[in-house]
Each structure stands twice: as C-alpha cells, then as structure tokens.
Amino acid sequence: MTTSTTVPAAPELDYRLYDADEHYYEPEDALTRHLDRKYRSAVRWIDMEGRRTLLIGGKLLQLIPNPTYDPVGRPGALNSYFRARNHAGRSLKEILGDPQPLQPEYRERDARVRVLDEQGVEFAWILPSLGLGVEEMLKDDLEGLGAVARAYNQWLDDDWGYSRDGRIQTAPLLPLGDEVFAEAELRRVIDRGARLVVMRPAPVAALGGPRSLGDPAHDRVWALAAEAGVVVAFHAADDGYTYAGDWGENARYTGLKQSAFAEVLSIHSDRPIFDTMAAMVCHGVYDRHPTLKVATVELGSGWVPYLLRRFRIAYGKQPQSFAHDPIDTFREHVWVTPFYEDDFAELADLIGIDHVLLGSDWPHPEGIARPLDYLADVAEFAPEDQRRILRENLRALVGQ
C-alpha cells in the first residue's frame, strides 16, 4: 500500500496519527442494498411513534436510538460523562446537548479523508456503528445472518473500500456461527483487499448452541486470517450478555441507557472482552495459530489487570493445561485500545507499550472531539513513547 505524502502534520506534533478506532454512520440501505430478496424480511425499516427505526430478525432495534443518524450527537459530547465528571448528576440527554445534522465525512470516504488531513491523522481504522448490533438480533437465524452480513460487507466495499490506499482500512463483519460461511466470506473479503475484520466479544452463536471462539470448528478461519495477515478486531457490540435480567434489570443491551448496576458490573464492556480473551488463550487459539494478531477496540483496558492476574493464578495451579505461559501469550498476540479515562501507564507496564493503541472513537459522542485530544491522555509518557502509542504501534501492526 502507498501512503500520501501531502497530508499536513498536526500543529502540536511533528508526525501524523494512526487511529485504531474511528467510525462511519451507515446509510439506510447498508444492510439491504445487496441483500438477496429471499432474506428481505430479515431487515425492515418502519415508522414508529414519529421516528424511523429498524426491525431486524423481527425484533425492534434498541442498540441505537436513531439509526438514521440524522441528527446525531456531536463528537466528544459525552466526554465529561465517561471521565466520571458528571458531578451535577445531569442526564445523558442533558450532557449530549443539541444534536447536529449528519455531516458528509460521516458517510463519504473522500470527505472523510479531507477531515483526516485537517486533524493530522495519516491512517485510521474506520469501523461499523449500526453493523455491530446485527449478529445478536439474527443469532437464531444463521442463514439470514450470513446473508445480511455479506450484504453489509458488499455495501462497505462499495462506499468505503476495505483497504484502497494507505489512509483508511475498514472491517467487514465476520460472524462465526456458520463456520462454512465464515471461511467463505473471509476468503471473499480478503480477495477484495480486506486486511481487517471485526467480531463481537461473545461466545459464538452456533446452530447447536453457544460455543467458544477457541473451538476447533473455527480453526480454518483463524488459520486463514493468520496466513493472510488479517488483524481480527474485537469491538464493543450487542454481545448478548443478558444476565442482568437475573438481577431484575433490563436484559437487553440498549447502548448508553445503562443502569448504575450495569455500570458497576461493566456488563457490556469489561466482562465480554475479559471472557473472550480468556477463551482465546485458554482454548489454545494462539497456540494453534502462532501468527494471529488481535486488537481489542472500544473495550477499554480496565479488564486487563484482572485477566492477567487470573492467568497467573491458573498457570500456577495448572501449568500442564497451557502450552505456554498465558500472560506471555496474551502479550504477544493482543493489542489494546484503552479508554481515555483508563490508566495508560498501568496498561503499558502490563502488556508492553508497543501493544497500546490510540483509539479516538471519532465521531461518536462517547469518544473525543478530535483524535489529537488524545495527546493529553498520554502526556505522562516520554515523547518517544507517546509517538509509539499515537502512531508507530498501529503502523507496525498493519505493516506500513
């Protein structure tokens, strides 16, 4: 891939950023433009109580309040909330303020590249928004899920491309429930230039019931990703973690509408990725596929210290159950994008600074207003280590 040499540097730095977590907002036909007519009933737009929304698999979409994204929250609008600085106890609606009209750069690749130039970003992973809610809603219809995922991936190739140049990589959806489909779809998107795929952090919803990502049934997918140099990104999504219902809470994932209980337990951030990474290590995925590379995106790093502690304890008790020290395995294969409110120094000490990535979440309201604002959160590091986090680590991971 070639890299542009005309992008201006951000004024505060003498280099440009590599951002591992940016997003687009999908148009209304993202799921249906290429959807086989046989499966058209799986996705339907409806008007309900004066707003336009989606039925997916016959269920009302709850993950996103306004799936048209017009209007939409301003980038970084929820910064004070996620930094736990909502001392006045304002509601999310109050903190969000007035939404803005949908901007061209949220849906148009050329407009986005111009904004990357303005923001001093040389390269970005640009990831799904609506797409991250599809798998849970169709997990009981694997044939329909495969059809919708493929249609979505074809739309993504149309409008954004997977890896057209050295500026943007996008991530096709890759549900694993039907392992034959997953392998075929991964081969197809690789042939179209994909070097990144996105999955949700959750057990695989398979025909015979849930199973681990480390089940040998998925080895052909992991082998193909490793052989092709495709990075697997696990991103926050509708993960199907419904056990809050056992405690009298809403069992459905509804995006930002979390209760205090769900917030304390980190039901949709720390817990799913903790379990997912434990499965990938303990069930031997990296032992069988030693060149596989994984990134955790928009899932923070608060779960990392406890996971490594549990690895250390398990290895001390049952070393015969592991081919290698599980902490070493994790450090070798996994890159992490911390939330801006996380302890960066602790994470760097635990996994090595070379595996810490910048993730702005731009233009989501829960992200930061501009990627360069991340500089304040890495100010404690020496300049060369700042550069690793803000640029060089992702650059090395994607092979640029």
# chains A, B, ... in the order shown; residues from 1 in each chain; ligands from 1

call {"tool": "select_by_dssp", "arguments": {"residues": "segment 99-228 of chain A", "states": "strand (DSSP E)", "output": "PDB file with C-alpha atoms, in the first residue's frame"}}
result
ATOM      1  CA  VAL A 121      -4.436  11.709  11.007  1.00  0.00           C
ATOM      2  CA  GLU A 122      -2.475   9.728   8.458  1.00  0.00           C
ATOM      3  CA  PHE A 123      -4.258   6.391   8.869  1.00  0.00           C
ATOM      4  CA  ALA A 124      -7.436   5.141  10.545  1.00  0.00           C
ATOM      5  CA  TRP A 125      -9.400   2.007  11.113  1.00  0.00           C
ATOM      6  CA  ILE A 126     -12.985   3.091  10.360  1.00  0.00           C
ATOM      7  CA  LEU A 127     -15.449   0.676  11.874  1.00  0.00           C
ATOM      8  CA  ILE A 168      -8.213   4.012   5.662  1.00  0.00           C
ATOM      9  CA  GLN A 169      -8.884   0.372   6.458  1.00  0.00           C
ATOM     10  CA  THR A 170     -12.428  -0.799   7.100  1.00  0.00           C
ATOM     11  CA  LEU A 196      -9.041  -6.227   8.989  1.00  0.00           C
ATOM     12  CA  VAL A 197     -12.242  -7.934  10.157  1.00  0.00           C
ATOM     13  CA  VAL A 198     -14.457  -7.149  13.135  1.00  0.00           C
ATOM     14  CA  MET A 199     -16.145  -9.524  15.564  1.00  0.00           C
ATOM     15  CA  VAL A 204     -20.158 -17.945  19.107  1.00  0.00           C
ATOM     16  CA  ALA A 205     -23.889 -18.311  18.445  1.00  0.00           C
ATOM     17  CA  ALA A 206     -23.757 -21.625  16.568  1.00  0.00           C
ATOM     18  CA  GLY A 209     -25.810 -23.788  20.821  1.00  0.00           C
ATOM     19  CA  PRO A 210     -23.151 -21.362  22.091  1.00  0.00           C
ATOM     20  CA  ARG A 211     -19.525 -22.387  21.791  1.00  0.00           C
TER      21      ARG A 211
END

call {"tool": "residues_around", "arguments": {"residues": "segment 376-378 of chain A", "least_positions_apart": "4", "cutoff": "10 Å", "atoms": "only C-alpha atoms", "output": "PyMOL selection string"}}
result
chain A and resi 339-345+358+372+382-383+385-387+389-390

call {"tool": "residues_around", "arguments": {"residues": "Trp155 of chain A", "least_positions_apart": "2", "cutoff": "7 Å", "atoms": "only C-alpha atoms", "output": "list in words"}}
result
Ala30, Arg33, His34, Ala151, Tyr152, Asn153, Asp157, Asp158 and Asp159 of chain A

call {"tool": "write_last_selection", "arguments": {"atoms": "N, CA and C atoms", "output": "compact mmCIF listing (two decimals), in the first residue's frame"}}
result
# COMPACT_ATOMS: atom_id res chain seq x y z
N ALA A 30 -27.54 0.21 3.93
CA ALA A 30 -26.31 -0.54 4.18
C ALA A 30 -26.57 -2.04 4.33
N ARG A 33 -28.94 -3.03 0.45
CA ARG A 33 -28.61 -2.73 -0.95
C ARG A 33 -28.28 -3.99 -1.72
N HIS A 34 -27.53 -4.90 -1.12
CA HIS A 34 -27.12 -6.13 -1.79
C HIS A 34 -27.78 -7.37 -1.19
N ALA A 151 -24.27 -8.92 2.66
CA ALA A 151 -24.81 -7.72 2.02
C ALA A 151 -24.16 -6.47 2.61
N TYR A 152 -24.01 -6.45 3.91
CA TYR A 152 -23.37 -5.31 4.58
C TYR A 152 -21.92 -5.15 4.10
N ASN A 153 -21.21 -6.24 4.02
CA ASN A 153 -19.81 -6.18 3.59
C ASN A 153 -19.69 -5.72 2.15
N ASP A 157 -17.74 -2.30 0.90
CA ASP A 157 -16.78 -2.29 -0.20
C ASP A 157 -17.16 -1.22 -1.23
N ASP A 158 -18.45 -1.10 -1.52
CA ASP A 158 -18.93 -0.08 -2.46
C ASP A 158 -18.54 1.32 -2.01
N ASP A 159 -18.93 1.66 -0.78
CA ASP A 159 -18.88 3.05 -0.33
C ASP A 159 -17.55 3.46 0.27

call {"tool": "closest_residue", "arguments": {"among": "A:Gly161, A:Gly120, A:Gly177, A:Gly300", "to": "Arg16 of chain A", "atoms": "only C-alpha atoms"}}
result
A:Gly120

call {"tool": "closest_residue", "arguments": {"among": "A:Ala182, A:Val72, A:Leu224, A:Ala279", "to": "Leu96 of chain A", "atoms": "only C-alpha atoms"}}
result
A:Val72

call {"tool": "closest_residue", "arguments": {"among": "A:Arg288, A:His235, A:Arg388, A:Arg74", "to": "Ala369 of chain A", "atoms": "only C-alpha atoms"}}
result
A:Arg74

call {"tool": "residues_around", "arguments": {"residues": "Tyr241 of chain A", "least_positions_apart": "5", "cutoff": "12 Å", "atoms": "only C-alpha atoms", "output": "ChimeraX atom specification"}}
result
/A:136,200-203,236,246,249-254,262,265-273,275

call {"tool": "residues_around", "arguments": {"residues": "His324 of chain A", "least_positions_apart": "5", "cutoff": "9 Å", "atoms": "only C-alpha atoms", "output": "PDB file with N, CA and C atoms, in the first residue's frame"}}
result
ATOM      1  N   ASP A 287      -1.964 -20.856  20.331  1.00  0.00           N
ATOM      2  CA  ASP A 287      -1.019 -21.971  20.242  1.00  0.00           C
ATOM      3  C   ASP A 287      -1.119 -22.639  18.880  1.00  0.00           C
ATOM      4  N   PRO A 319      -0.206 -25.658  35.279  1.00  0.00           N
ATOM      5  CA  PRO A 319       0.696 -25.351  34.152  1.00  0.00           C
ATOM      6  C   PRO A 319       0.579 -26.361  33.022  1.00  0.00           C
ATOM      7  N   THR A 329       1.564 -15.300  26.210  1.00  0.00           N
ATOM      8  CA  THR A 329       0.751 -15.485  25.005  1.00  0.00           C
ATOM      9  C   THR A 329      -0.096 -14.253  24.729  1.00  0.00           C
TER      10      THR A 329
END

call {"tool": "closest_atom_pairs", "arguments": {"of": "segment 142-240 of chain A", "to": "segment 280-285 of chain A", "cutoff": "8 Å", "atoms": "only C-alpha atoms", "output": "CSV"}}
result
residue,atom,partner,partner_atom,distance
A:Ser212,CA,A:His283,CA,7.9
A:Leu213,CA,A:Met280,CA,6.4
A:Gly214,CA,A:His283,CA,4.9
A:Asp215,CA,A:His283,CA,7.2
A:Asp219,CA,A:Val285,CA,7.7
A:Trp222,CA,A:Val285,CA,7.7
